[in-house]
file upload.pdb (PDB, N, CA and C atoms)
ATOM      1  N   MET A   1      -3.606  -2.322 -30.501
ATOM      2  CA  MET A   1      -4.054  -1.497 -29.391
ATOM      3  C   MET A   1      -5.062  -0.499 -29.938
ATOM      4  N   ASN A   2      -6.304  -0.927 -30.020
ATOM      5  CA  ASN A   2      -7.358  -0.055 -30.520
ATOM      6  C   ASN A   2      -8.032   0.718 -29.400
ATOM      7  N   TYR A   3      -7.585   0.521 -28.196
ATOM      8  CA  TYR A   3      -8.062   1.265 -27.036
ATOM      9  C   TYR A   3      -6.858   1.935 -26.416
ATOM     10  N   ARG A   4      -7.082   2.838 -25.478
ATOM     11  CA  ARG A   4      -5.925   3.515 -24.905
ATOM     12  C   ARG A   4      -5.374   2.815 -23.677
ATOM     13  N   TYR A   5      -5.972   1.649 -23.305
ATOM     14  CA  TYR A   5      -5.526   0.895 -22.133
ATOM     15  C   TYR A   5      -5.705  -0.598 -22.395
ATOM     16  N   VAL A   6      -4.627  -1.367 -22.269
ATOM     17  CA  VAL A   6      -4.683  -2.821 -22.421
ATOM     18  C   VAL A   6      -3.916  -3.435 -21.256
ATOM     19  N   SER A   7      -4.574  -4.325 -20.513
ATOM     20  CA  SER A   7      -3.968  -4.931 -19.330
ATOM     21  C   SER A   7      -3.783  -6.428 -19.521
ATOM     22  N   GLY A   8      -2.567  -6.894 -19.302
ATOM     23  CA  GLY A   8      -2.312  -8.326 -19.334
ATOM     24  C   GLY A   8      -3.113  -9.066 -18.277
ATOM     25  N   ALA A   9      -3.300  -8.460 -17.112
ATOM     26  CA  ALA A   9      -4.087  -9.104 -16.055
ATOM     27  C   ALA A   9      -5.530  -9.282 -16.504
ATOM     28  N   ASP A  10      -6.106  -8.260 -17.111
ATOM     29  CA  ASP A  10      -7.495  -8.340 -17.585
ATOM     30  C   ASP A  10      -7.650  -9.386 -18.686
ATOM     31  N   ASN A  11      -6.588  -9.589 -19.472
ATOM     32  CA  ASN A  11      -6.625 -10.528 -20.599
ATOM     33  C   ASN A  11      -6.039 -11.901 -20.269
ATOM     34  N   GLY A  12      -5.658 -12.105 -19.005
ATOM     35  CA  GLY A  12      -5.108 -13.398 -18.598
ATOM     36  C   GLY A  12      -3.721 -13.685 -19.137
ATOM     37  N   GLN A  13      -2.958 -12.637 -19.447
ATOM     38  CA  GLN A  13      -1.609 -12.801 -20.005
ATOM     39  C   GLN A  13      -0.562 -12.553 -18.914
ATOM     40  N   PHE A  14      -0.207 -13.616 -18.202
ATOM     41  CA  PHE A  14       0.780 -13.533 -17.133
ATOM     42  C   PHE A  14       2.066 -14.217 -17.581
ATOM     43  N   HIS A  15       3.181 -13.768 -17.018
ATOM     44  CA  HIS A  15       4.495 -14.308 -17.357
ATOM     45  C   HIS A  15       5.145 -14.832 -16.077
ATOM     46  N   SER A  16       5.485 -16.116 -16.049
ATOM     47  CA  SER A  16       6.189 -16.714 -14.911
ATOM     48  C   SER A  16       7.670 -16.411 -15.069
ATOM     49  N   MET A  17       8.200 -15.643 -14.145
ATOM     50  CA  MET A  17       9.576 -15.180 -14.254
ATOM     51  C   MET A  17      10.422 -15.758 -13.131
ATOM     52  N   ASP A  18      11.678 -16.092 -13.459
ATOM     53  CA  ASP A  18      12.662 -16.465 -12.456
ATOM     54  C   ASP A  18      13.217 -15.196 -11.827
ATOM     55  N   GLU A  19      13.846 -15.342 -10.663
ATOM     56  CA  GLU A  19      14.498 -14.198 -10.039
ATOM     57  C   GLU A  19      15.636 -13.717 -10.931
ATOM     58  N   GLY A  20      15.810 -12.408 -11.012
ATOM     59  CA  GLY A  20      16.909 -11.840 -11.782
ATOM     60  C   GLY A  20      16.623 -10.415 -12.174
ATOM     61  N   ASP A  21      17.554  -9.842 -12.925
ATOM     62  CA  ASP A  21      17.379  -8.481 -13.428
ATOM     63  C   ASP A  21      16.354  -8.516 -14.556
ATOM     64  N   MET A  22      15.260  -7.770 -14.395
ATOM     65  CA  MET A  22      14.158  -7.819 -15.353
ATOM     66  C   MET A  22      14.343  -6.789 -16.457
ATOM     67  N   LEU A  23      14.083  -7.241 -17.688
ATOM     68  CA  LEU A  23      14.197  -6.395 -18.878
ATOM     69  C   LEU A  23      12.941  -6.538 -19.722
ATOM     70  N   ILE A  24      12.619  -5.494 -20.473
ATOM     71  CA  ILE A  24      11.585  -5.571 -21.495
ATOM     72  C   ILE A  24      12.199  -5.068 -22.792
ATOM     73  N   ASP A  25      11.934  -5.764 -23.875
ATOM     74  CA  ASP A  25      12.394  -5.369 -25.207
ATOM     75  C   ASP A  25      11.267  -5.638 -26.180
ATOM     76  N   GLY A  26      11.039  -4.701 -27.096
ATOM     77  CA  GLY A  26       9.978  -4.925 -28.070
ATOM     78  C   GLY A  26       9.943  -3.871 -29.146
ATOM     79  N   GLY A  27       8.886  -3.930 -29.916
ATOM     80  CA  GLY A  27       8.660  -2.970 -30.985
ATOM     81  C   GLY A  27       7.187  -2.621 -31.056
ATOM     82  N   ILE A  28       6.890  -1.421 -31.514
ATOM     83  CA  ILE A  28       5.515  -0.947 -31.637
ATOM     84  C   ILE A  28       5.369  -0.234 -32.969
ATOM     85  N   TRP A  29       4.187  -0.345 -33.578
ATOM     86  CA  TRP A  29       3.960   0.293 -34.870
ATOM     87  C   TRP A  29       2.494   0.663 -35.012
ATOM     88  N   ALA A  30       2.247   1.654 -35.839
ATOM     89  CA  ALA A  30       0.884   2.083 -36.146
ATOM     90  C   ALA A  30       0.324   1.193 -37.248
ATOM     91  N   THR A  31      -0.900   0.691 -37.039
ATOM     92  CA  THR A  31      -1.548  -0.159 -38.035
ATOM     93  C   THR A  31      -2.573   0.608 -38.859
ATOM     94  N   SER A  32      -3.157   1.642 -38.268
ATOM     95  CA  SER A  32      -4.143   2.476 -38.968
ATOM     96  C   SER A  32      -4.437   3.688 -38.101
ATOM     97  N   LYS A  33      -5.176   4.628 -38.677
ATOM     98  CA  LYS A  33      -5.627   5.752 -37.862
ATOM     99  C   LYS A  33      -7.069   6.077 -38.214
ATOM    100  N   ASP A  34      -7.800   6.504 -37.206
ATOM    101  CA  ASP A  34      -9.207   6.828 -37.361
ATOM    102  C   ASP A  34      -9.369   8.235 -37.926
ATOM    103  N   GLY A  35     -10.535   8.520 -38.490
ATOM    104  CA  GLY A  35     -10.835   9.880 -38.911
ATOM    105  C   GLY A  35     -10.738  10.808 -37.710
ATOM    106  N   GLY A  36     -10.131  11.948 -37.887
ATOM    107  CA  GLY A  36      -9.962  12.890 -36.788
ATOM    108  C   GLY A  36      -8.764  12.614 -35.907
ATOM    109  N   ALA A  37      -7.912  11.659 -36.295
ATOM    110  CA  ALA A  37      -6.716  11.348 -35.501
ATOM    111  C   ALA A  37      -5.786  12.555 -35.465
ATOM    112  N   VAL A  38      -5.054  12.686 -34.368
ATOM    113  CA  VAL A  38      -4.051  13.747 -34.262
ATOM    114  C   VAL A  38      -2.919  13.466 -35.252
ATOM    115  N   GLY A  39      -2.027  14.447 -35.445
ATOM    116  CA  GLY A  39      -0.982  14.350 -36.464
ATOM    117  C   GLY A  39      -0.014  13.201 -36.309
ATOM    118  N   SER A  40       0.315  12.835 -35.078
ATOM    119  CA  SER A  40       1.211  11.705 -34.838
ATOM    120  C   SER A  40       0.797  11.026 -33.532
ATOM    121  N   PRO A  41       1.138   9.749 -33.383
ATOM    122  CA  PRO A  41       0.705   9.002 -32.191
ATOM    123  C   PRO A  41       1.294   9.579 -30.904
ATOM    124  N   TYR A  42       0.518   9.479 -29.854
ATOM    125  CA  TYR A  42       0.989   9.871 -28.528
ATOM    126  C   TYR A  42       1.905   8.793 -27.954
ATOM    127  N   LYS A  43       2.656   9.183 -26.948
ATOM    128  CA  LYS A  43       3.549   8.267 -26.245
ATOM    129  C   LYS A  43       2.741   7.117 -25.635
ATOM    130  N   VAL A  44       3.315   5.907 -25.693
ATOM    131  CA  VAL A  44       2.717   4.719 -25.084
ATOM    132  C   VAL A  44       3.594   4.305 -23.906
ATOM    133  N   TYR A  45       2.954   3.995 -22.796
ATOM    134  CA  TYR A  45       3.638   3.572 -21.579
ATOM    135  C   TYR A  45       3.428   2.078 -21.376
ATOM    136  N   PHE A  46       4.474   1.399 -20.919
ATOM    137  CA  PHE A  46       4.415  -0.020 -20.596
ATOM    138  C   PHE A  46       4.784  -0.182 -19.124
ATOM    139  N   ASP A  47       3.782  -0.427 -18.292
ATOM    140  CA  ASP A  47       3.998  -0.680 -16.870
ATOM    141  C   ASP A  47       4.148  -2.176 -16.651
ATOM    142  N   ILE A  48       5.008  -2.549 -15.715
ATOM    143  CA  ILE A  48       5.156  -3.939 -15.302
ATOM    144  C   ILE A  48       4.639  -4.049 -13.869
ATOM    145  N   TYR A  49       3.825  -5.080 -13.628
ATOM    146  CA  TYR A  49       3.299  -5.364 -12.297
ATOM    147  C   TYR A  49       3.582  -6.816 -11.938
ATOM    148  N   GLU A  50       3.793  -7.048 -10.643
ATOM    149  CA  GLU A  50       3.849  -8.415 -10.136
ATOM    150  C   GLU A  50       2.481  -8.750  -9.562
ATOM    151  N   SER A  51       1.939  -9.884  -9.967
ATOM    152  CA  SER A  51       0.645 -10.337  -9.466
ATOM    153  C   SER A  51       0.854 -10.973  -8.094
ATOM    154  N   VAL A  52       0.333 -10.328  -7.063
ATOM    155  CA  VAL A  52       0.480 -10.812  -5.688
ATOM    156  C   VAL A  52      -0.875 -10.739  -4.991
ATOM    157  N   TRP A  53      -0.967 -11.389  -3.836
ATOM    158  CA  TRP A  53      -2.186 -11.349  -3.040
ATOM    159  C   TRP A  53      -2.464  -9.902  -2.625
ATOM    160  N   GLY A  54      -3.703  -9.452  -2.767
ATOM    161  CA  GLY A  54      -4.055  -8.069  -2.451
ATOM    162  C   GLY A  54      -3.744  -7.176  -3.639
ATOM    163  N   SER A  55      -3.221  -6.002  -3.377
ATOM    164  CA  SER A  55      -2.872  -5.072  -4.461
ATOM    165  C   SER A  55      -1.600  -5.530  -5.156
ATOM    166  N   ASP A  56      -1.634  -5.603  -6.480
ATOM    167  CA  ASP A  56      -0.455  -6.016  -7.236
ATOM    168  C   ASP A  56       0.665  -5.001  -7.068
ATOM    169  N   ARG A  57       1.896  -5.493  -7.114
ATOM    170  CA  ARG A  57       3.069  -4.649  -6.879
ATOM    171  C   ARG A  57       3.539  -4.024  -8.187
ATOM    172  N   TYR A  58       3.603  -2.690  -8.190
ATOM    173  CA  TYR A  58       4.130  -1.948  -9.339
ATOM    174  C   TYR A  58       5.638  -2.126  -9.382
ATOM    175  N   VAL A  59       6.170  -2.496 -10.554
ATOM    176  CA  VAL A  59       7.601  -2.729 -10.716
ATOM    177  C   VAL A  59       8.278  -1.534 -11.374
ATOM    178  N   GLY A  60       7.713  -1.020 -12.470
ATOM    179  CA  GLY A  60       8.320   0.104 -13.167
ATOM    180  C   GLY A  60       7.644   0.359 -14.497
ATOM    181  N   VAL A  61       8.179   1.344 -15.222
ATOM    182  CA  VAL A  61       7.577   1.766 -16.492
ATOM    183  C   VAL A  61       8.672   2.110 -17.494
ATOM    184  N   THR A  62       8.380   1.884 -18.758
ATOM    185  CA  THR A  62       9.168   2.416 -19.861
ATOM    186  C   THR A  62       8.176   2.985 -20.863
ATOM    187  N   SER A  63       8.631   3.854 -21.741
ATOM    188  CA  SER A  63       7.706   4.478 -22.690
ATOM    189  C   SER A  63       8.370   4.653 -24.047
ATOM    190  N   VAL A  64       7.522   4.838 -25.060
ATOM    191  CA  VAL A  64       7.999   5.012 -26.431
ATOM    192  C   VAL A  64       6.946   5.786 -27.205
ATOM    193  N   THR A  65       7.389   6.607 -28.140
ATOM    194  CA  THR A  65       6.471   7.290 -29.053
ATOM    195  C   THR A  65       6.542   6.593 -30.405
ATOM    196  N   PRO A  66       5.437   5.958 -30.834
ATOM    197  CA  PRO A  66       5.439   5.258 -32.119
ATOM    198  C   PRO A  66       5.628   6.219 -33.292
ATOM    199  N   ASP A  67       6.194   5.719 -34.368
ATOM    200  CA  ASP A  67       6.365   6.492 -35.600
ATOM    201  C   ASP A  67       5.005   6.707 -36.254
ATOM    202  N   SER A  68       4.849   7.822 -36.950
ATOM    203  CA  SER A  68       3.579   8.111 -37.627
ATOM    204  C   SER A  68       3.475   7.441 -38.996
ATOM    205  N   GLU A  69       4.547   6.809 -39.467
ATOM    206  CA  GLU A  69       4.488   6.059 -40.722
ATOM    207  C   GLU A  69       3.876   4.692 -40.436
ATOM    208  N   LEU A  70       2.765   4.392 -41.083
ATOM    209  CA  LEU A  70       2.085   3.122 -40.841
ATOM    210  C   LEU A  70       3.029   1.950 -41.100
ATOM    211  N   GLY A  71       3.073   1.023 -40.153
ATOM    212  CA  GLY A  71       3.889  -0.179 -40.290
ATOM    213  C   GLY A  71       5.341  -0.032 -39.892
ATOM    214  N   LYS A  72       5.811   1.180 -39.629
ATOM    215  CA  LYS A  72       7.220   1.378 -39.268
ATOM    216  C   LYS A  72       7.414   1.077 -37.783
ATOM    217  N   ILE A  73       8.274   0.108 -37.501
ATOM    218  CA  ILE A  73       8.494  -0.345 -36.128
ATOM    219  C   ILE A  73       9.425   0.610 -35.392
ATOM    220  N   THR A  74       9.020   0.982 -34.179
ATOM    221  CA  THR A  74       9.856   1.739 -33.259
ATOM    222  C   THR A  74      10.181   0.813 -32.097
ATOM    223  N   ASN A  75      11.461   0.585 -31.850
ATOM    224  CA  ASN A  75      11.885  -0.312 -30.776
ATOM    225  C   ASN A  75      11.849   0.395 -29.432
ATOM    226  N   PHE A  76      11.639  -0.392 -28.384
ATOM    227  CA  PHE A  76      11.674   0.135 -27.024
ATOM    228  C   PHE A  76      12.306  -0.903 -26.112
ATOM    229  N   SER A  77      12.799  -0.444 -24.977
ATOM    230  CA  SER A  77      13.374  -1.350 -23.984
ATOM    231  C   SER A  77      13.311  -0.678 -22.620
ATOM    232  N   GLY A  78      13.487  -1.464 -21.601
ATOM    233  CA  GLY A  78      13.522  -0.942 -20.244
ATOM    234  C   GLY A  78      14.161  -1.951 -19.319
ATOM    235  N   SER A  79      14.708  -1.463 -18.225
ATOM    236  CA  SER A  79      15.354  -2.304 -17.227
ATOM    237  C   SER A  79      14.720  -2.002 -15.874
ATOM    238  N   PHE A  80      14.397  -3.052 -15.116
ATOM    239  CA  PHE A  80      13.647  -2.882 -13.875
ATOM    240  C   PHE A  80      14.373  -3.429 -12.651
ATOM    241  N   GLY A  81      15.665  -3.702 -12.780
ATOM    242  CA  GLY A  81      16.451  -4.143 -11.641
ATOM    243  C   GLY A  81      16.117  -5.555 -11.194
ATOM    244  N   LEU A  82      16.672  -5.931 -10.059
ATOM    245  CA  LEU A  82      16.505  -7.279  -9.516
ATOM    246  C   LEU A  82      15.067  -7.478  -9.045
ATOM    247  N   GLN A  83      14.433  -8.537  -9.554
ATOM    248  CA  GLN A  83      13.055  -8.868  -9.183
ATOM    249  C   GLN A  83      12.992 -10.311  -8.704
ATOM    250  N   ALA A  84      12.074 -10.563  -7.795
ATOM    251  CA  ALA A  84      11.859 -11.908  -7.268
ATOM    252  C   ALA A  84      11.167 -12.781  -8.311
ATOM    253  N   ALA A  85      11.299 -14.085  -8.176
ATOM    254  CA  ALA A  85      10.543 -15.007  -9.023
ATOM    255  C   ALA A  85       9.057 -14.796  -8.756
ATOM    256  N   GLY A  86       8.241 -14.878  -9.804
ATOM    257  CA  GLY A  86       6.810 -14.693  -9.615
ATOM    258  C   GLY A  86       6.074 -14.545 -10.921
ATOM    259  N   GLU A  87       4.808 -14.153 -10.816
ATOM    260  CA  GLU A  87       3.930 -13.937 -11.967
ATOM    261  C   GLU A  87       3.849 -12.436 -12.234
ATOM    262  N   TYR A  88       4.157 -12.046 -13.459
ATOM    263  CA  TYR A  88       4.182 -10.632 -13.835
ATOM    264  C   TYR A  88       3.285 -10.404 -15.049
ATOM    265  N   TYR A  89       2.849  -9.155 -15.218
ATOM    266  CA  TYR A  89       2.063  -8.795 -16.394
ATOM    267  C   TYR A  89       2.365  -7.359 -16.803
ATOM    268  N   ILE A  90       1.989  -7.050 -18.037
ATOM    269  CA  ILE A  90       2.234  -5.734 -18.631
ATOM    270  C   ILE A  90       0.913  -4.997 -18.786
ATOM    271  N   VAL A  91       0.936  -3.702 -18.522
ATOM    272  CA  VAL A  91      -0.180  -2.809 -18.835
ATOM    273  C   VAL A  91       0.348  -1.775 -19.822
ATOM    274  N   ALA A  92      -0.269  -1.700 -20.995
ATOM    275  CA  ALA A  92       0.111  -0.714 -22.018
ATOM    276  C   ALA A  92      -0.988   0.332 -22.091
ATOM    277  N   TYR A  93      -0.594   1.619 -22.136
ATOM    278  CA  TYR A  93      -1.616   2.662 -22.169
ATOM    279  C   TYR A  93      -1.084   3.960 -22.767
ATOM    280  N   LYS A  94      -2.031   4.769 -23.239
ATOM    281  CA  LYS A  94      -1.792   6.147 -23.656
ATOM    282  C   LYS A  94      -2.596   7.031 -22.712
ATOM    283  N   VAL A  95      -2.086   8.211 -22.388
ATOM    284  CA  VAL A  95      -2.783   9.103 -21.465
ATOM    285  C   VAL A  95      -4.096   9.597 -22.074
ATOM    286  N   ASN A  96      -4.114   9.856 -23.367
ATOM    287  CA  ASN A  96      -5.321  10.303 -24.069
ATOM    288  C   ASN A  96      -5.476   9.527 -25.367
ATOM    289  N   ASP A  97      -6.718   9.420 -25.839
ATOM    290  CA  ASP A  97      -6.971   8.779 -27.126
ATOM    291  C   ASP A  97      -6.474   9.708 -28.227
ATOM    292  N   ASP A  98      -5.691   9.164 -29.149
ATOM    293  CA  ASP A  98      -5.132   9.977 -30.231
ATOM    294  C   ASP A  98      -5.680   9.590 -31.601
ATOM    295  N   GLY A  99      -6.516   8.558 -31.658
ATOM    296  CA  GLY A  99      -7.078   8.116 -32.929
ATOM    297  C   GLY A  99      -6.187   7.176 -33.717
ATOM    298  N   TRP A 100      -5.021   6.837 -33.187
ATOM    299  CA  TRP A 100      -4.096   5.919 -33.852
ATOM    300  C   TRP A 100      -4.286   4.522 -33.287
ATOM    301  N   ASN A 101      -4.324   3.516 -34.169
ATOM    302  CA  ASN A 101      -4.421   2.117 -33.769
ATOM    303  C   ASN A 101      -3.042   1.484 -33.904
ATOM    304  N   LEU A 102      -2.616   0.812 -32.853
ATOM    305  CA  LEU A 102      -1.240   0.337 -32.749
ATOM    306  C   LEU A 102      -1.182  -1.162 -32.523
ATOM    307  N   ALA A 103      -0.044  -1.738 -32.844
ATOM    308  CA  ALA A 103       0.278  -3.124 -32.501
ATOM    309  C   ALA A 103       1.679  -3.126 -31.906
ATOM    310  N   ALA A 104       1.944  -4.092 -31.049
ATOM    311  CA  ALA A 104       3.260  -4.197 -30.426
ATOM    312  C   ALA A 104       3.559  -5.661 -30.160
ATOM    313  N   SER A 105       4.835  -5.960 -30.074
ATOM    314  CA  SER A 105       5.265  -7.289 -29.647
ATOM    315  C   SER A 105       6.564  -7.124 -28.884
ATOM    316  N   GLY A 106       6.861  -8.103 -28.058
ATOM    317  CA  GLY A 106       8.088  -8.021 -27.289
ATOM    318  C   GLY A 106       8.146  -9.098 -26.237
ATOM    319  N   THR A 107       9.156  -9.007 -25.400
ATOM    320  CA  THR A 107       9.361  -9.989 -24.345
ATOM    321  C   THR A 107       9.770  -9.295 -23.061
ATOM    322  N   ILE A 108       9.420  -9.927 -21.950
ATOM    323  CA  ILE A 108      10.046  -9.574 -20.684
ATOM    324  C   ILE A 108      10.875 -10.782 -20.278
ATOM    325  N   SER A 109      12.010 -10.515 -19.674
ATOM    326  CA  SER A 109      12.926 -11.592 -19.316
ATOM    327  C   SER A 109      13.677 -11.218 -18.050
ATOM    328  N   THR A 110      14.294 -12.218 -17.442
ATOM    329  CA  THR A 110      15.201 -11.974 -16.326
ATOM    330  C   THR A 110      16.538 -12.618 -16.649
ATOM    331  N   GLU A 111      17.588 -11.984 -16.176
ATOM    332  CA  GLU A 111      18.953 -12.483 -16.412
ATOM    333  C   GLU A 111      19.628 -12.756 -15.092
TER
END
call {"tool": "encode", "arguments": {"input": "upload.pdb", "output": "structure tokens"}}
result
Amino acid sequence: MNYRYVSGADNGQFHSMDEGDMLIDGGIWATSKDGGAVGSPYKVYFDIYESVWGSDRYVGVTSVTPDSELGKITNFSGSFGLQAAGEYYIVAYKVNDDGWNLAASGTISTE
């Protein structure tokens, strides 16, 4: 995440989900920091949207503050309740640029 906003919809990363209780689980870590970076990374938000005709439906958000030690994984999770079967995507963002470059991985699932 070298920018402060990354959208699964913009990148064509959609997830076909069955109906059920939706969860997100993952980890995030700092890969590097730019000159002039703030002392520690800002909080990162993970929004979930359902891709529908017209305006996409906002499902919910979870957030995490990455560790300032390069490469140290900070886990995150969130629960979004019962969701219909459909196509979903994640938007990851920071409110302001902090000069920290991040990577993350994880899954969304329904149970």
call {"tool": "resolve_selection", "arguments": {"input": "upload.pdb", "expression": "the PyMOL selection byres ((chain A and resi 40) around 7)", "output": "ChimeraX atom specification"}}
result
/A:37-39,41-42,66-68,98
call {"tool": "closest_residue", "arguments": {"input": "upload.pdb", "among": "A:Gly99, A:Gly106, A:Gly78, A:Gly86", "to": "His15 (chain A)", "atoms": "all atoms listed in the file"}}
result
A:Gly86
call {"tool": "closest_residue", "arguments": {"input": "upload.pdb", "among": "A:Tyr5, A:Phe14, A:Ala104, A:Thr110", "to": "Gly71 (chain A)", "atoms": "only C-alpha atoms"}}
result
A:Ala104
call {"tool": "residues_near_point", "arguments": {"input": "upload.pdb", "point": "(-6.3, -12.4, -17.0)", "cutoff": "12 Å", "atoms": "only C-alpha atoms", "output": "PyMOL selection string"}}
result
chain A and resi 6-15+51+87-91
call {"tool": "resolve_selection", "arguments": {"input": "upload.pdb", "expression": "the PyMOL selection byres ((chain A and resi 82-84) around 5)", "output": "list in words"}}
result
Asp18, Glu19, Gly20, Asp21, Met22, Phe80, Gly81, Ala85 and Gly86 of chain A
call {"tool": "residues_near_point", "arguments": {"input": "upload.pdb", "point": "(4.2, 11.9, -23.0)", "cutoff": "12 Å", "atoms": "only C-alpha atoms", "output": "PyMOL selection string"}}
result
chain A and resi 41-45+62-66+93-96+98
call {"tool": "write_last_selection", "arguments": {"input": "upload.pdb", "atoms": "N, CA and C atoms", "output": "mmCIF file, keeping the file's coordinate frame"}}
result
data_model
loop_
_atom_site.group_PDB
_atom_site.id
_atom_site.type_symbol
_atom_site.label_atom_id
_atom_site.label_comp_id
_atom_site.auth_asym_id
_atom_site.auth_seq_id
_atom_site.Cartn_x
_atom_site.Cartn_y
_atom_site.Cartn_z
ATOM 1 N N PRO A 41 1.138 9.749 -33.383
ATOM 2 C CA PRO A 41 0.705 9.002 -32.191
ATOM 3 C C PRO A 41 1.294 9.579 -30.904
ATOM 4 N N TYR A 42 0.518 9.479 -29.854
ATOM 5 C CA TYR A 42 0.989 9.871 -28.528
ATOM 6 C C TYR A 42 1.905 8.793 -27.954
ATOM 7 N N LYS A 43 2.656 9.183 -26.948
ATOM 8 C CA LYS A 43 3.549 8.267 -26.245
ATOM 9 C C LYS A 43 2.741 7.117 -25.635
ATOM 10 N N VAL A 44 3.315 5.907 -25.693
ATOM 11 C CA VAL A 44 2.717 4.719 -25.084
ATOM 12 C C VAL A 44 3.594 4.305 -23.906
ATOM 13 N N TYR A 45 2.954 3.995 -22.796
ATOM 14 C CA TYR A 45 3.638 3.572 -21.579
ATOM 15 C C TYR A 45 3.428 2.078 -21.376
ATOM 16 N N THR A 62 8.380 1.884 -18.758
ATOM 17 C CA THR A 62 9.168 2.416 -19.861
ATOM 18 C C THR A 62 8.176 2.985 -20.863
ATOM 19 N N SER A 63 8.631 3.854 -21.741
ATOM 20 C CA SER A 63 7.706 4.478 -22.690
ATOM 21 C C SER A 63 8.370 4.653 -24.047
ATOM 22 N N VAL A 64 7.522 4.838 -25.060
ATOM 23 C CA VAL A 64 7.999 5.012 -26.431
ATOM 24 C C VAL A 64 6.946 5.786 -27.205
ATOM 25 N N THR A 65 7.389 6.607 -28.140
ATOM 26 C CA THR A 65 6.471 7.290 -29.053
ATOM 27 C C THR A 65 6.542 6.593 -30.405
ATOM 28 N N PRO A 66 5.437 5.958 -30.834
ATOM 29 C CA PRO A 66 5.439 5.258 -32.119
ATOM 30 C C PRO A 66 5.628 6.219 -33.292
ATOM 31 N N TYR A 93 -0.594 1.619 -22.136
ATOM 32 C CA TYR A 93 -1.616 2.662 -22.169
ATOM 33 C C TYR A 93 -1.084 3.960 -22.767
ATOM 34 N N LYS A 94 -2.031 4.769 -23.239
ATOM 35 C CA LYS A 94 -1.792 6.147 -23.656
ATOM 36 C C LYS A 94 -2.596 7.031 -22.712
ATOM 37 N N VAL A 95 -2.086 8.211 -22.388
ATOM 38 C CA VAL A 95 -2.783 9.103 -21.465
ATOM 39 C C VAL A 95 -4.096 9.597 -22.074
ATOM 40 N N ASN A 96 -4.114 9.856 -23.367
ATOM 41 C CA ASN A 96 -5.321 10.303 -24.069
ATOM 42 C C ASN A 96 -5.476 9.527 -25.367
ATOM 43 N N ASP A 98 -5.691 9.164 -29.149
ATOM 44 C CA ASP A 98 -5.132 9.977 -30.231
ATOM 45 C C ASP A 98 -5.680 9.590 -31.601
#
call {"tool": "closest_residue", "arguments": {"input": "upload.pdb", "among": "A:Ser32, A:Phe46, A:Tyr58, A:Asn75", "to": "Ala103 (chain A)", "atoms": "all atoms listed in the file"}}
result
A:Ser32
call {"tool": "axis_aligned_box", "arguments": {"input": "upload.pdb", "around": "region 60-64 of chain A", "padding_each_side": "6 Å", "output": "AutoDock Vina command-line options"}}
result
--center_x 8.1 --center_y 2.4 --center_z -19.8 --size_x 14.2 --size_y 18.8 --size_z 26.7
call {"tool": "resolve_selection", "arguments": {"input": "upload.pdb", "expression": "the PyMOL selection byres (((chain A and resi 102 and name CA) around 8) and name CA)", "output": "list of chain:residue names"}}
result
A:Met1, A:Asn2, A:Ile28, A:Trp29, A:Ala30, A:Thr31, A:Ser32, A:Trp100, A:Asn101, A:Ala103, A:Ala104
call {"tool": "closest_residue", "arguments": {"input": "upload.pdb", "among": "A:Asp97, A:Val59, A:Ile24, A:Glu50", "to": "Gly36 (chain A)", "atoms": "only C-alpha atoms"}}
result
A:Asp97
call {"tool": "select_by_dssp", "arguments": {"input": "upload.pdb", "residues": "chain A", "states": "strand (DSSP E)", "output": "NGL selection string"}}
result
:A and (5-7 or 15-17 or 20-33 or 44-50 or 57-64 or 74-83 or 86-93 or 100-110)
call {"tool": "atom_distance", "arguments": {"input": "upload.pdb", "atom1": "atom C of Lys72 (chain A)", "atom2": "CA of Leu23 (chain A)"}}
result
21.4 Å
call {"tool": "atom_distance", "arguments": {"input": "upload.pdb", "atom1": "atom N of Thr107 (chain A)", "atom2": "CA of Lys33 (chain A)"}}
result
24.3 Å
call {"tool": "residues_around", "arguments": {"input": "upload.pdb", "residues": "Ser105 (chain A)", "least_positions_apart": "5", "cutoff": "6 Å", "atoms": "only N, CA and C atoms", "output": "list in words"}}
result
Asp25, Gly26, Gly27 and Ile28 of chain A
call {"tool": "atom_distance", "arguments": {"input": "upload.pdb", "atom1": "CA of Gly60 (chain A)", "atom2": "atom N of Ile73 (chain A)"}}
result
24.3 Å
